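Have a look at the structure below before the remarks.
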Amino acid sequence: MESHNWKVIVLMGVPGSGKGTEAQILSHLDPKYIHISTGQLLRDLENDPSADVRDKALLHQMKEGKLVDDTLVYRLAFDAIEKTLSENHVAILDGAIRSVNQAMHYEKFFEEKGIEKDVAIIEIQLSDDISFKRLTTRKVCADCGYIIPYSIDNFKKTLCEKCGGALMVRTDDHPETVIKRIEAQGNKVLQPILDYYKQVGTVFSVDGNRSIPEVDVDIRKILGISP
Ligand code: AP5
Ligand code: MG
């Protein structure tokens, strides 16, 4: 595909579709790509002892697998995007848009910044069933957030191969919370958001059921990034 000077790349997909995995590959490839995960921003807030207690009180929704209050998400995400743009970097948004209302709100923000034509929407397609399997077997590094897929070898690992931190299971990856997340954020909820984007522009799609490197190659093709 013809290369375009994208300023924001929006990764859409059900929980577990590989948004974080693919964003971390691109950001390790080139430091101009800044991975902005709203889930991670919310977890950082939770672990920040100096954070506002009213903001922290809103995080109970996350623990229950539900969507967190929009205004908190906008505040965290818009600040991170503005910082990225001001440094002439490219923002990769991971999970930042999870309702039609949020999509419309982000669209207004992008228009205010004059970048609405430089936003690539990429859907990583995955069924809810495979999402469940991946999330309930995922491990992440408690220190750097590095995500590792399930495999027999990875299952035995206790330390992060990137930074040596301890590997953990995310508190919202326990099966009962994953079921709730898929109910609240699975394909049934994702479809109207994609329909909205198809009405206002282009949605690129990749098959998230392929291997991690294959999905990466597909995303790079869309973005015009050479292998
Ligand atoms: P967040 O942290 O974003 O969680 P999520 O959307 O539930 O997504 P995940 O991180 O679970 O999945 P992912 O697509 O990043 O998959 P990953 O790459 O890890 O959000 C947490 C919570 O915050 C939400 O539940 C909500 O409460 C709140 N929140 C966040 N944003 C919000 C918003 N905008 N509005 C309101 N609330 C918000 O991959 C999963 C596993 O699969 C890994 O083990 C990975 O290694 C493996 N894997 C990845 N790709 C492949 C592949 N191709 N083949 C095999 N395995 C693969
Ligand atoms: Mg993620």
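Residues are named by chain letter and number: chains run A, B, ... in the order of the structure tokens, numbers start at 1 in each chain, and ligands are numbered from 1 in the order shown.
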Worksheet entry | Residues of stretch 29-202 of chain A in strand (DSSP E or B), written as a ChimeraX atom specification | /A:33-37,90-94,119-125,139-141,147-148,159,166-168
For the residues selected in the previous step, produce a file with C-alpha atoms as a short mmCIF file (atom, residue, chain, number, x, y, z; two decimals), in the first residue's frame.
```cif
data_model
loop_
_atom_site.label_atom_id
_atom_site.label_comp_id
_atom_site.auth_asym_id
_atom_site.auth_seq_id
_atom_site.Cartn_x
_atom_site.Cartn_y
_atom_site.Cartn_z
CA TYR A 33 5.97 4.74 17.46
CA ILE A 34 4.56 5.39 20.91
CA HIS A 35 2.33 2.67 22.31
CA ILE A 36 -0.59 4.22 24.17
CA SER A 37 -2.73 1.60 25.89
CA VAL A 90 3.27 8.55 15.99
CA ALA A 91 0.67 7.40 18.52
CA ILE A 92 -0.45 3.76 18.41
CA LEU A 93 -3.73 3.63 20.29
CA ASP A 94 -4.46 0.25 21.87
CA VAL A 119 -5.57 8.54 11.48
CA ALA A 120 -5.43 4.87 10.40
CA ILE A 121 -8.11 2.59 11.83
CA ILE A 122 -7.00 -1.05 11.91
CA GLU A 123 -9.21 -3.86 13.12
CA ILE A 124 -7.55 -7.07 14.35
CA GLN A 125 -10.27 -9.67 13.85
CA LYS A 139 1.24 -13.61 31.28
CA VAL A 140 2.56 -10.06 31.54
CA CYS A 141 5.61 -8.53 33.20
CA ILE A 147 3.11 -9.43 27.05
CA ILE A 148 3.90 -13.08 26.42
CA LEU A 159 10.83 -13.85 34.81
CA ALA A 166 8.35 -10.97 37.67
CA LEU A 167 5.72 -12.39 35.34
CA MET A 168 2.15 -12.21 36.59
#
```
Discussion item. Distance limit 7 Å, reference ligand 1, atoms considered: only C-alpha atoms and all ligand atoms. Which residues make the cut? Give them as JSON, numbers by chain.
Written reply: {"A": [13, 14, 15, 16, 17, 18, 19, 20, 21, 22, 37, 38, 39, 40, 42, 61, 62, 63, 65, 66, 67, 68, 69, 70, 73, 94, 95, 96, 97, 98, 134, 135, 137, 138, 139, 147, 148, 149, 150, 181, 208, 209, 210, 211, 212, 215]}
Worksheet item: By how many Å are atom CA of A:Val178 and atom CA of A:Ile25 apart?
Response: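 These atoms are spaced 24.3 Å apart.
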Worksheet entry | Minimum-distance residue to ligand 2, chosen among A:Met104, A:Ala23, A:Val8, A:Cys144 (using only C-alpha atoms and all ligand atoms) |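 Answer, going by the shortest atom-to-atom distance: A:Ala23.
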Worksheet item: Which residue out of A:Leu126, A:Val169, A:Val100, A:Leu223 has the minimum interatomic distance to A:Tyr196 when only C-alpha atoms are used?
Response: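 Closest to A:Tyr196 of all the choices is A:Val100.
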Practice prompt. Give the answer as one residue: which of A:Pro49, A:Ser99, A:Glu116, A:Asp173 has the shortest atom-to-atom distance to ligand 2, using only C-alpha atoms and all ligand atoms?
Written response: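 Among the listed residues, A:Asp173 lies closest to ligand 2.
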Worksheet item: Can you list, as a ChimeraX atom specification, every residue of stretch 122-158 of chain A that DSSP puts in alpha helix (DSSP H)?
Response: /A:128-135,152-156
I need the residues from that last selection saved to file as a CSV table (one decimal), in the first residue's frame (with N, CA, C and O atoms), if you can.
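The new file part-v7.csv reads:
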```csv
chain,number,residue,atom,x,y,z
A,128,ASP,N,-14.7,-14.4,19.8
A,128,ASP,CA,-14.7,-14.3,21.2
A,128,ASP,C,-14.2,-15.5,21.9
A,128,ASP,O,-13.5,-15.4,23.0
A,129,ASP,N,-14.3,-16.7,21.3
A,129,ASP,CA,-13.9,-17.9,21.9
A,129,ASP,C,-12.3,-17.9,22.0
A,129,ASP,O,-11.8,-18.3,23.0
A,130,ILE,N,-11.7,-17.5,20.9
A,130,ILE,CA,-10.2,-17.6,20.9
A,130,ILE,C,-9.7,-16.5,21.9
A,130,ILE,O,-8.7,-16.7,22.6
A,131,SER,N,-10.4,-15.4,21.9
A,131,SER,CA,-10.1,-14.3,22.9
A,131,SER,C,-10.0,-14.9,24.3
A,131,SER,O,-9.1,-14.6,25.1
A,132,PHE,N,-11.1,-15.6,24.6
A,132,PHE,CA,-11.1,-16.2,26.0
A,132,PHE,C,-9.9,-17.1,26.3
A,132,PHE,O,-9.3,-17.0,27.3
A,133,LYS,N,-9.6,-17.9,25.3
A,133,LYS,CA,-8.4,-18.8,25.5
A,133,LYS,C,-7.1,-18.1,25.7
A,133,LYS,O,-6.3,-18.4,26.6
A,134,ARG,N,-6.9,-17.0,24.9
A,134,ARG,CA,-5.7,-16.3,25.0
A,134,ARG,C,-5.6,-15.5,26.3
A,134,ARG,O,-4.5,-15.5,26.9
A,135,LEU,N,-6.7,-14.9,26.7
A,135,LEU,CA,-6.6,-14.1,27.9
A,135,LEU,C,-6.4,-14.9,29.2
A,135,LEU,O,-5.6,-14.5,30.1
A,152,ILE,N,4.2,-24.0,25.9
A,152,ILE,CA,4.6,-24.8,27.0
A,152,ILE,C,5.8,-24.2,27.7
A,152,ILE,O,5.9,-24.2,28.9
A,153,ASP,N,6.8,-23.7,26.9
A,153,ASP,CA,8.0,-23.0,27.4
A,153,ASP,C,7.6,-21.8,28.3
A,153,ASP,O,8.1,-21.6,29.4
A,154,ASN,N,6.8,-20.9,27.7
A,154,ASN,CA,6.4,-19.7,28.4
A,154,ASN,C,5.6,-20.0,29.7
A,154,ASN,O,5.8,-19.2,30.6
A,155,PHE,N,4.9,-21.0,29.7
A,155,PHE,CA,4.1,-21.4,30.9
A,155,PHE,C,5.0,-21.6,32.1
A,155,PHE,O,4.6,-21.2,33.2
A,156,LYS,N,6.2,-22.1,31.8
A,156,LYS,CA,7.1,-22.4,32.9
A,156,LYS,C,7.9,-21.1,33.4
A,156,LYS,O,8.5,-21.1,34.4
```
Item to complete: Provide the atom CA of A:Pro192 to atom CA of A:Glu111 distance in Å, to one decimal place.
Response: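 Interatomic distance here is 21.3 Å.
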Worksheet item: Within 6 Å of A:Asp118, counting only C-alpha atoms, which residues qualify if same-chain residues fewer than 2 places away don't, as a list in words?
Response: Trp6, Lys7, Ile115 and Glu116 of chain A
Next, the residues of the selection above should be written as a PDB file, in the first residue's frame with C-alpha atoms.
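again-v6.pdb, freshly written:
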```pdb
ATOM      1  CA  TRP A   6       0.064   8.556   9.685  1.00  0.00           C
ATOM      2  CA  LYS A   7       0.063  10.495  12.938  1.00  0.00           C
ATOM      3  CA  ILE A 115      -5.134  15.352  11.912  1.00  0.00           C
ATOM      4  CA  GLU A 116      -8.397  13.558  11.087  1.00  0.00           C
TER       5      GLU A 116
END
```
